[in-house]
Amino acid sequence: MSDTSERITLSVNGISQEVTTAPSRSLLEVLREDLALTGAKEGCGVGVCGACSVLVDGKLMSSCIVPVGMVQGRAVTTVEGLAAEDGTLTPVQTAFMECGGFQCGICTPGQVVAATALLRECPDPAAEEVREWMTGNLCRCTGYYSIVAAVLQAAKAGQGESD
Amino acid sequence: MTTNLPFAIPEVRHEGPLKVTGHARYTADHALPGQLHAACLGSGVAHARIVRIDTTAAEQVPGVRAVLTAADIGDVRYGRQLRDMPVLASDRVRFMGQRVAAVAADTRQAAEEAVRLIDVEYEELPTLLDPRLATTPDAPVLHPEAEAYRLVQGARHAPAHPNIQGELVVGAGAEELAAAFGRADHVFEHTFRTPRQHQGYIEPHAAIVWFDDDVCHVISTNKAPFGLRQQMAAATGHPVDKIVVYNKFIGGDFGGKGFSLDEYVCFYLARETGRPVRSIMSYLEDLSSTAPRHATELTLRTGVTRDGTFVAHSAEVLFDGGAYGAAKANAHLVPHGGVDTMSAYSVPATHHRLTAVYTNAAPGGHMRAPGDVQAIFAGESHVDMIASELGIDPVELRRKNLAGGKTEGQDPSETAAVIDQVLLRAADGIDWSGVRSPGRGVGVALYRRKGGTGRGGVVMRALSPDRIQVITGAADQGGGTVTMIARVAAATMGIPERQVEVVQQPTAEALFDSGAGASRVTRVLGEATRLAATELSRLIAEPGAVFPVEVAQEVVAPADEDCGAYGALAVEVEVDEETGQIRVVEAVLAADTGTVISPLAHRGQLEGGFVYGLGGALMEELPVEGGQIMCGTLGDYKLPTSPDVPPLRIVSVAGESGTGPYGAKAVGEFGNLGVAPAIANAVARASGVRLQQLPLSAEAVHARLRQTGPESAPPREPGG
């Protein structure tokens, strides 16, 4: 990729960052390679598996298909930015632990981010709504039962996360 | 011994906090100082002689540090057992996607650009794509040099034809079998086909290799670090004790992560450049060049008496082995689960011939219960077809033939009683005899899965009476190895689990382990932990014990150890007679899976296994046309998503004790086995359409309903 580098500023997990890079590079690659935030994973690379899920201005996105130039001046939240600074887990993270909502864990950052986005938008979803919302996050290990249970438990526990 | 064990309390995964916060570091998450990025050129043709490779332009790309072909490294062959796969193709390519050249560069972009500039001239050769033609007189011979191929360990049994990768023949001799068939009132023969399927892990293969003097260090997605070390040593000639493998978190395996490709490429690139070299496959590369489940054709023949007793059974199982046998982990080079066509039944005379042949497709590999999935789909469909022909209820036909239940003049054994319970609990759970509306039907599948052989060990160390370390060289592919070890150690020593720390160490600092495969981890490492913990408890209780106290314990579960778990899956389906769409309404899985060490992981394996089987039954297929895969992304290769998943009930049946710690049994390759045949059987009973090929698609049902109408539909039985 040989397009000209640009200076791009963005906020990542509340910290202002500046990167000089080709704006067509994926946000995922910039997060992982330039900012050493490897929580978001590259799975399919074409925006269908959800392992790279992040929030951009609070909106759920697949960062592998978001050109970094698009997030100039915007606020990105990755899985690393969810837990409190002292390491206290969010209700979503705790629920994934307690319900067995992961096994290999490669899709888990994406699942946790997606579930967090859902509960911000819809704090008390029905099981069917959870299943529909989580369609964009593939999990090959769990069969989804424990993920859906975790999201419902997190909803019951209050809210996904308080900003 | 098993009373008062704390296993009923759900576990807290030790690595859980790392996984839910994004801090668990998988292979692709590592970045070493000065590391280069690797990219490989895959063959664009399925079968060809390489005439010329020109890398001049690639070498000129800024940032490129090395461009390698077979001319640089030689004809280096590797494999899990059979070393037939070249690191880089020398004279020939045998499948589309096979590595021809490799580049290391400062950036991934530079490496990829250089790969695009490599010019290869091919002279195309006739392809062999249909495994049924592999041993015909006109078939091209894919490996003229096959006789020179070596196994990693031991000698290779020379195959009868150069296009045969491997063969396994077991069971009764020809005369005995013929005599047994002679006692049958009816002989039924049916043929089934299953497609090539990809494991579908979300983490593509990745590796980082670097040298520190003459020591080769490897971080990779391989789930069997000691196996990888041995295979790399055998291929490259680098001493095995100078290769250190660090694998820890594996982002999904399902059989596919036992086979490595680019570790070898990175080895040579790192040696050439003196820098760490990292390779991360794109999902397209993973779909096109790693080792999917073998496409299979199975012809089953069963002799049955008038009253429905099975008297003879034979199976011809043909596996499409792809271009190389390198991905298979056993020395006979066939997916050995193919012998399990009648795994839950007593049949006096059986005969199985399993054959894997070379074709011009990606190498056939292991995928969650390799061979068993194909065999049980065929076998359990076959049993229902026999039931239908004889007019016997499918559950009753199964009950008549249960394994362990046919000893002459004796009552059914304990085994038969357990299998009977498993079957009945599944059937009752789905309301087998209930009245159903048109378009709905129930189906069942019954099976046995053998599990858990291999070798592994742990070192246990008491730093003080209340601080215990367990050192293992095992990678955790998601099954929960670390937590399982901690729970067994704590339970055995009678201490709180928080006092046990499990440390995953590289191959150089841990005892040998066969790897996370063949459902062996709990059986082998769990039992090693139990034995080590027992001894450690004894040692630290001795007066004057001096800390640290250390115990090393290895366990070998021999290959002929015969510990199995029985499962029955019953499903209710609804078939849309307009569109052919199959909807699974509900499923019940009954299982005798022994003592449960980690309840969440255990349930997770059964639930996840069921959905894995659901994908394999209804949607997953990696078709190859003219040597080219027709699904290039996870958008085209369909996997189940959360709304696709029906309600599942799991019923536990108390059966015989397992050979794992405290009577545990293997469940890793268990929950997926009955799904395809149970659904196929339910579809037949709901719609009259009998599908003998996977996936069980709406298109297939629709075509059959349109072409022939519901053909020779069995009379709808109660509950059907």
# chains A, B, ... in the order shown; residues from 1 in each chain; ligands from 1

call {"tool": "residues_around", "arguments": {"residues": "region 15-31 of chain A", "least_positions_apart": "5", "cutoff": "12 Å", "atoms": "only C-alpha atoms", "output": "VMD selection string"}}
result
(chain A and resid 1 to 10 36 to 43 45 to 47 50 to 56 61 to 81) or (chain B and resid 28 to 29 107 to 109)

call {"tool": "residues_around", "arguments": {"residues": "Asp384 (chain B)", "least_positions_apart": "6", "cutoff": "10 Å", "atoms": "only C-alpha atoms", "output": "VMD selection string"}}
result
chain B and resid 390 392 to 395 397 to 398 443 to 445 677 to 678 680 to 682 684 to 685 690

call {"tool": "residues_around", "arguments": {"residues": "region 645-657 of chain B", "least_positions_apart": "6", "cutoff": "9 Å", "atoms": "only C-alpha atoms", "output": "number ranges by chain"}}
result
A: 143-145; B: 414-415, 417-419, 421-422, 425-426, 429, 563, 565-566, 583-595, 603, 606-607, 610-611, 614, 663-665

call {"tool": "atom_distance", "arguments": {"atom1": "CA of Ser598 (chain B)", "atom2": "CA of Ala375 (chain B)"}}
result
29.5 Å

call {"tool": "interface_residues", "arguments": {"of": "chain A", "to": "chain B", "cutoff": "7 Å", "atoms": "only C-alpha atoms", "output": "VMD selection string"}}
result
chain A and resid 1 38 to 39 43 to 45 48 79 to 80 93 97 to 98 100 103 to 109 112 131 to 132 134 to 135 138 140 to 144

call {"tool": "write_last_selection", "arguments": {"atoms": "N, CA and C atoms", "output": "mmCIF file, in the first residue's frame"}}
result
data_model
loop_
_atom_site.group_PDB
_atom_site.id
_atom_site.type_symbol
_atom_site.label_atom_id
_atom_site.label_comp_id
_atom_site.auth_asym_id
_atom_site.auth_seq_id
_atom_site.Cartn_x
_atom_site.Cartn_y
_atom_site.Cartn_z
ATOM 1 N N MET A 1 0.849 -1.187 0.000
ATOM 2 C CA MET A 1 0.000 0.000 0.000
ATOM 3 C C MET A 1 0.885 1.237 0.000
ATOM 4 N N THR A 38 -3.601 -5.210 21.357
ATOM 5 C CA THR A 38 -3.864 -6.447 20.615
ATOM 6 C C THR A 38 -5.116 -7.176 21.112
ATOM 7 N N GLY A 39 -5.931 -6.494 21.912
ATOM 8 C CA GLY A 39 -7.174 -7.123 22.382
ATOM 9 C C GLY A 39 -8.121 -7.444 21.233
ATOM 10 N N GLY A 43 -9.740 -12.008 12.672
ATOM 11 C CA GLY A 43 -10.197 -13.363 12.349
ATOM 12 C C GLY A 43 -10.378 -13.468 10.849
ATOM 13 N N CYS A 44 -11.603 -13.168 10.393
ATOM 14 C CA CYS A 44 -11.919 -13.326 8.973
ATOM 15 C C CYS A 44 -11.275 -12.260 8.106
ATOM 16 N N GLY A 45 -11.074 -11.063 8.646
ATOM 17 C CA GLY A 45 -10.480 -9.980 7.868
ATOM 18 C C GLY A 45 -11.437 -9.302 6.900
ATOM 19 N N VAL A 48 -16.960 -10.057 8.961
ATOM 20 C CA VAL A 48 -18.102 -10.918 9.291
ATOM 21 C C VAL A 48 -17.976 -11.658 10.622
ATOM 22 N N VAL A 79 -11.523 -3.389 23.800
ATOM 23 C CA VAL A 79 -11.803 -4.225 24.971
ATOM 24 C C VAL A 79 -10.906 -3.834 26.151
ATOM 25 N N GLU A 80 -9.702 -3.376 25.837
ATOM 26 C CA GLU A 80 -8.791 -2.992 26.925
ATOM 27 C C GLU A 80 -9.321 -1.790 27.702
ATOM 28 N N GLN A 93 -18.034 -8.460 31.651
ATOM 29 C CA GLN A 93 -16.838 -9.308 31.772
ATOM 30 C C GLN A 93 -17.010 -10.340 32.881
ATOM 31 N N MET A 97 -17.224 -14.608 32.666
ATOM 32 C CA MET A 97 -16.449 -15.513 33.529
ATOM 33 C C MET A 97 -17.384 -16.497 34.230
ATOM 34 N N GLU A 98 -18.442 -15.980 34.820
ATOM 35 C CA GLU A 98 -19.294 -16.824 35.667
ATOM 36 C C GLU A 98 -20.155 -17.796 34.869
ATOM 37 N N GLY A 100 -19.289 -19.131 31.928
ATOM 38 C CA GLY A 100 -18.528 -19.951 30.978
ATOM 39 C C GLY A 100 -18.723 -19.447 29.559
ATOM 40 N N GLN A 103 -14.279 -20.107 25.727
ATOM 41 C CA GLN A 103 -13.377 -21.250 25.895
ATOM 42 C C GLN A 103 -11.996 -20.843 25.393
ATOM 43 N N CYS A 104 -11.788 -20.892 24.080
ATOM 44 C CA CYS A 104 -10.450 -20.514 23.597
ATOM 45 C C CYS A 104 -10.201 -19.034 23.797
ATOM 46 N N GLY A 105 -11.243 -18.225 23.765
ATOM 47 C CA GLY A 105 -11.123 -16.813 24.096
ATOM 48 C C GLY A 105 -10.784 -15.889 22.944
ATOM 49 N N ILE A 106 -10.591 -16.418 21.732
ATOM 50 C CA ILE A 106 -10.144 -15.544 20.638
ATOM 51 C C ILE A 106 -11.264 -14.588 20.221
ATOM 52 N N CYS A 107 -12.520 -15.033 20.320
ATOM 53 C CA CYS A 107 -13.632 -14.161 19.926
ATOM 54 C C CYS A 107 -14.116 -13.314 21.091
ATOM 55 N N THR A 108 -13.622 -13.616 22.317
ATOM 56 C CA THR A 108 -14.180 -13.026 23.530
ATOM 57 C C THR A 108 -14.071 -11.501 23.582
ATOM 58 N N PRO A 109 -12.935 -10.904 23.209
ATOM 59 C CA PRO A 109 -12.896 -9.438 23.218
ATOM 60 C C PRO A 109 -14.026 -8.848 22.375
ATOM 61 N N VAL A 112 -17.415 -9.382 24.127
ATOM 62 C CA VAL A 112 -17.585 -8.499 25.278
ATOM 63 C C VAL A 112 -17.899 -7.078 24.816
ATOM 64 N N ARG A 131 -29.733 -12.791 21.092
ATOM 65 C CA ARG A 131 -29.293 -13.689 20.016
ATOM 66 C C ARG A 131 -29.173 -12.936 18.693
ATOM 67 N N GLU A 132 -30.153 -12.077 18.399
ATOM 68 C CA GLU A 132 -30.111 -11.328 17.142
ATOM 69 C C GLU A 132 -28.930 -10.357 17.122
ATOM 70 N N MET A 134 -26.140 -10.451 18.733
ATOM 71 C CA MET A 134 -24.833 -11.112 18.747
ATOM 72 C C MET A 134 -24.550 -11.908 17.460
ATOM 73 N N THR A 135 -25.458 -11.831 16.481
ATOM 74 C CA THR A 135 -25.257 -12.528 15.203
ATOM 75 C C THR A 135 -23.916 -12.198 14.575
ATOM 76 N N LEU A 138 -19.060 -14.329 15.682
ATOM 77 C CA LEU A 138 -18.972 -15.790 15.617
ATOM 78 C C LEU A 138 -18.214 -16.330 16.819
ATOM 79 N N ARG A 140 -16.861 -20.266 17.862
ATOM 80 C CA ARG A 140 -16.807 -21.641 17.385
ATOM 81 C C ARG A 140 -16.776 -22.623 18.549
ATOM 82 N N CYS A 141 -16.540 -22.133 19.766
ATOM 83 C CA CYS A 141 -16.366 -23.030 20.921
ATOM 84 C C CYS A 141 -17.650 -23.293 21.696
ATOM 85 N N THR A 142 -18.386 -22.242 22.019
ATOM 86 C CA THR A 142 -19.417 -22.372 23.063
ATOM 87 C C THR A 142 -20.770 -22.818 22.554
ATOM 88 N N GLY A 143 -21.038 -22.629 21.280
ATOM 89 C CA GLY A 143 -22.400 -22.865 20.801
ATOM 90 C C GLY A 143 -23.349 -21.750 21.200
ATOM 91 N N TYR A 144 -22.824 -20.681 21.749
ATOM 92 C CA TYR A 144 -23.545 -19.435 22.069
ATOM 93 C C TYR A 144 -24.424 -19.490 23.315
#

call {"tool": "closest_residue", "arguments": {"among": "B:Glu699, B:Glu542, B:Asp320, B:Glu535", "to": "Pro292 (chain B)", "atoms": "only C-alpha atoms"}}
result
B:Asp320

call {"tool": "select_by_dssp", "arguments": {"residues": "region 344-579 of chain B", "states": "alpha helix (DSSP H)", "output": "PyMOL selection string"}}
result
chain B and resi 372-390+394-400+414-429+481-493+521+527-541

call {"tool": "atom_distance", "arguments": {"atom1": "CA of Thr507 (chain B)", "atom2": "CA of Ser279 (chain B)"}}
result
20.8 Å

call {"tool": "select_by_dssp", "arguments": {"residues": "region 3-142 of chain A", "states": "strand (DSSP E or B)", "output": "list in words"}}
result
Glu6, Arg7, Ile8, Thr9, Leu10, Ser11, Val12, Ile15, Ser16, Gln17, Glu18, Val19, Thr20, Thr21, Ser26, Ser53, Val54, Leu55, Val56, Lys59, Leu60, Met61, Ser62, Pro67, Ala75, Val76 and Thr77 of chain A

call {"tool": "residues_around", "arguments": {"residues": "Thr299 (chain B)", "least_positions_apart": "6", "cutoff": "6 Å", "atoms": "only C-alpha atoms", "output": "JSON, numbers by chain"}}
result
{"B": [190, 191, 315, 316]}

call {"tool": "write_last_selection", "arguments": {"atoms": "N, CA and C atoms", "output": "CSV table (one decimal), in the first residue's frame"}}
result
chain,number,residue,atom,x,y,z
B,190,HIS,N,-26.0,-49.2,1.5
B,190,HIS,CA,-26.3,-47.8,1.2
B,190,HIS,C,-24.9,-47.0,1.2
B,191,THR,N,-24.9,-46.0,0.3
B,191,THR,CA,-23.7,-45.2,0.2
B,191,THR,C,-24.0,-43.8,0.6
B,315,ALA,N,-17.9,-52.1,5.8
B,315,ALA,CA,-17.8,-50.7,5.4
B,315,ALA,C,-16.6,-50.5,4.5
B,316,GLU,N,-16.8,-49.8,3.4
B,316,GLU,CA,-15.7,-49.4,2.5
B,316,GLU,C,-15.7,-47.8,2.7

call {"tool": "residues_around", "arguments": {"residues": "Thr273 (chain B)", "least_positions_apart": "4", "cutoff": "8 Å", "atoms": "only C-alpha atoms", "output": "number ranges by chain"}}
result
B: 65-66, 269

call {"tool": "residues_around", "arguments": {"residues": "Ala89 (chain B)", "least_positions_apart": "4", "cutoff": "8 Å", "atoms": "only C-alpha atoms", "output": "list in words"}}
result
Thr69, Ala70, Asp75, Val93, Gln98, Arg99, Val100 and Ala101 of chain B

call {"tool": "write_last_selection", "arguments": {"atoms": "C-alpha atoms", "output": "PDB file, in the first residue's frame"}}
result
ATOM      1  CA  THR B  69      12.390 -20.714  -3.077  1.00  0.00           C
ATOM      2  CA  ALA B  70      13.184 -24.423  -3.016  1.00  0.00           C
ATOM      3  CA  ASP B  75      13.506 -30.123  -1.230  1.00  0.00           C
ATOM      4  CA  VAL B  93       2.846 -28.122  -7.200  1.00  0.00           C
ATOM      5  CA  GLN B  98       0.670 -24.705  -2.048  1.00  0.00           C
ATOM      6  CA  ARG B  99       3.653 -22.585  -1.007  1.00  0.00           C
ATOM      7  CA  VAL B 100       6.055 -21.889  -3.873  1.00  0.00           C
ATOM      8  CA  ALA B 101       8.097 -18.965  -2.559  1.00  0.00           C
TER       9      ALA B 101
END

call {"tool": "closest_residue", "arguments": {"among": "B:Gly321, B:Gly404, B:Pro438, B:Pro496", "to": "Pro465 (chain B)", "atoms": "only C-alpha atoms"}}
result
B:Pro496

call {"tool": "closest_residue", "arguments": {"among": "B:Ala111, B:Arg196, B:Phe310, B:Ser289", "to": "Gly44 (chain B)", "atoms": "only C-alpha atoms"}}
result
B:Ser289

call {"tool": "atom_distance", "arguments": {"atom1": "CA of Gly688 (chain B)", "atom2": "CA of Leu446 (chain B)"}}
result
21.1 Å

call {"tool": "decode", "arguments": {"residues": "region 71-95 of chain B", "atoms": "N, CA and C atoms", "output": "PDB file, in the first residue's frame"}}
result
ATOM      1  N   ALA B  71      14.957 -23.604  -4.485  1.00  0.00           N
ATOM      2  CA  ALA B  71      16.344 -23.556  -4.963  1.00  0.00           C
ATOM      3  C   ALA B  71      17.288 -23.116  -3.841  1.00  0.00           C
ATOM      4  N   ASP B  72      16.755 -22.337  -2.873  1.00  0.00           N
ATOM      5  CA  ASP B  72      17.589 -21.859  -1.766  1.00  0.00           C
ATOM      6  C   ASP B  72      17.635 -22.842  -0.598  1.00  0.00           C
ATOM      7  N   ILE B  73      16.525 -23.491  -0.316  1.00  0.00           N
ATOM      8  CA  ILE B  73      16.469 -24.316   0.908  1.00  0.00           C
ATOM      9  C   ILE B  73      16.527 -25.809   0.629  1.00  0.00           C
ATOM     10  N   GLY B  74      16.348 -26.188  -0.641  1.00  0.00           N
ATOM     11  CA  GLY B  74      16.325 -27.612  -0.983  1.00  0.00           C
ATOM     12  C   GLY B  74      14.915 -28.177  -0.905  1.00  0.00           C
ATOM     13  N   ASP B  75      14.809 -29.455  -1.237  1.00  0.00           N
ATOM     14  CA  ASP B  75      13.506 -30.123  -1.230  1.00  0.00           C
ATOM     15  C   ASP B  75      13.246 -30.663   0.177  1.00  0.00           C
ATOM     16  N   VAL B  76      12.858 -29.768   1.083  1.00  0.00           N
ATOM     17  CA  VAL B  76      12.653 -30.135   2.491  1.00  0.00           C
ATOM     18  C   VAL B  76      11.215 -30.595   2.690  1.00  0.00           C
ATOM     19  N   ARG B  77      11.031 -31.799   3.209  1.00  0.00           N
ATOM     20  CA  ARG B  77       9.677 -32.342   3.379  1.00  0.00           C
ATOM     21  C   ARG B  77       9.338 -32.482   4.861  1.00  0.00           C
ATOM     22  N   TYR B  78       8.077 -32.210   5.191  1.00  0.00           N
ATOM     23  CA  TYR B  78       7.649 -32.323   6.582  1.00  0.00           C
ATOM     24  C   TYR B  78       6.273 -32.959   6.662  1.00  0.00           C
ATOM     25  N   GLY B  79       5.881 -33.303   7.891  1.00  0.00           N
ATOM     26  CA  GLY B  79       4.555 -33.861   8.113  1.00  0.00           C
ATOM     27  C   GLY B  79       4.418 -34.275   9.558  1.00  0.00           C
ATOM     28  N   ARG B  80       3.174 -34.484  10.000  1.00  0.00           N
ATOM     29  CA  ARG B  80       2.941 -34.922  11.387  1.00  0.00           C
ATOM     30  C   ARG B  80       3.425 -36.360  11.546  1.00  0.00           C
ATOM     31  N   GLN B  81       3.229 -37.173  10.518  1.00  0.00           N
ATOM     32  CA  GLN B  81       3.823 -38.504  10.465  1.00  0.00           C
ATOM     33  C   GLN B  81       4.532 -38.691   9.126  1.00  0.00           C
ATOM     34  N   LEU B  82       3.754 -38.636   8.044  1.00  0.00           N
ATOM     35  CA  LEU B  82       4.357 -38.836   6.718  1.00  0.00           C
ATOM     36  C   LEU B  82       4.978 -37.524   6.242  1.00  0.00           C
ATOM     37  N   ARG B  83       6.278 -37.577   5.971  1.00  0.00           N
ATOM     38  CA  ARG B  83       6.975 -36.362   5.537  1.00  0.00           C
ATOM     39  C   ARG B  83       6.929 -36.268   4.017  1.00  0.00           C
ATOM     40  N   ASP B  84       5.754 -35.865   3.491  1.00  0.00           N
ATOM     41  CA  ASP B  84       5.616 -35.749   2.040  1.00  0.00           C
ATOM     42  C   ASP B  84       5.362 -34.318   1.578  1.00  0.00           C
ATOM     43  N   MET B  85       5.229 -33.369   2.512  1.00  0.00           N
ATOM     44  CA  MET B  85       4.849 -31.996   2.148  1.00  0.00           C
ATOM     45  C   MET B  85       6.102 -31.120   2.060  1.00  0.00           C
ATOM     46  N   PRO B  86       6.346 -30.504   0.895  1.00  0.00           N
ATOM     47  CA  PRO B  86       7.526 -29.640   0.793  1.00  0.00           C
ATOM     48  C   PRO B  86       7.290 -28.303   1.503  1.00  0.00           C
ATOM     49  N   VAL B  87       8.322 -27.793   2.167  1.00  0.00           N
ATOM     50  CA  VAL B  87       8.212 -26.447   2.751  1.00  0.00           C
ATOM     51  C   VAL B  87       7.923 -25.458   1.632  1.00  0.00           C
ATOM     52  N   LEU B  88       8.702 -25.541   0.563  1.00  0.00           N
ATOM     53  CA  LEU B  88       8.442 -24.776  -0.662  1.00  0.00           C
ATOM     54  C   LEU B  88       8.543 -25.763  -1.817  1.00  0.00           C
ATOM     55  N   ALA B  89       7.575 -25.687  -2.729  1.00  0.00           N
ATOM     56  CA  ALA B  89       7.529 -26.662  -3.822  1.00  0.00           C
ATOM     57  C   ALA B  89       8.798 -26.580  -4.653  1.00  0.00           C
ATOM     58  N   SER B  90       9.368 -27.733  -4.985  1.00  0.00           N
ATOM     59  CA  SER B  90      10.587 -27.700  -5.797  1.00  0.00           C
ATOM     60  C   SER B  90      10.261 -27.937  -7.263  1.00  0.00           C
ATOM     61  N   ASP B  91       9.911 -29.159  -7.614  1.00  0.00           N
ATOM     62  CA  ASP B  91       9.678 -29.438  -9.029  1.00  0.00           C
ATOM     63  C   ASP B  91       8.207 -29.341  -9.416  1.00  0.00           C
ATOM     64  N   ARG B  92       7.322 -29.583  -8.471  1.00  0.00           N
ATOM     65  CA  ARG B  92       5.897 -29.665  -8.798  1.00  0.00           C
ATOM     66  C   ARG B  92       5.053 -28.967  -7.749  1.00  0.00           C
ATOM     67  N   VAL B  93       3.887 -28.495  -8.169  1.00  0.00           N
ATOM     68  CA  VAL B  93       2.846 -28.122  -7.200  1.00  0.00           C
ATOM     69  C   VAL B  93       1.703 -29.102  -7.379  1.00  0.00           C
ATOM     70  N   ARG B  94       1.051 -29.421  -6.264  1.00  0.00           N
ATOM     71  CA  ARG B  94       0.002 -30.443  -6.307  1.00  0.00           C
ATOM     72  C   ARG B  94      -1.346 -29.945  -5.817  1.00  0.00           C
ATOM     73  N   PHE B  95      -1.416 -28.707  -5.328  1.00  0.00           N
ATOM     74  CA  PHE B  95      -2.741 -28.138  -5.035  1.00  0.00           C
ATOM     75  C   PHE B  95      -2.657 -26.620  -5.105  1.00  0.00           C
TER      76      PHE B  95
END
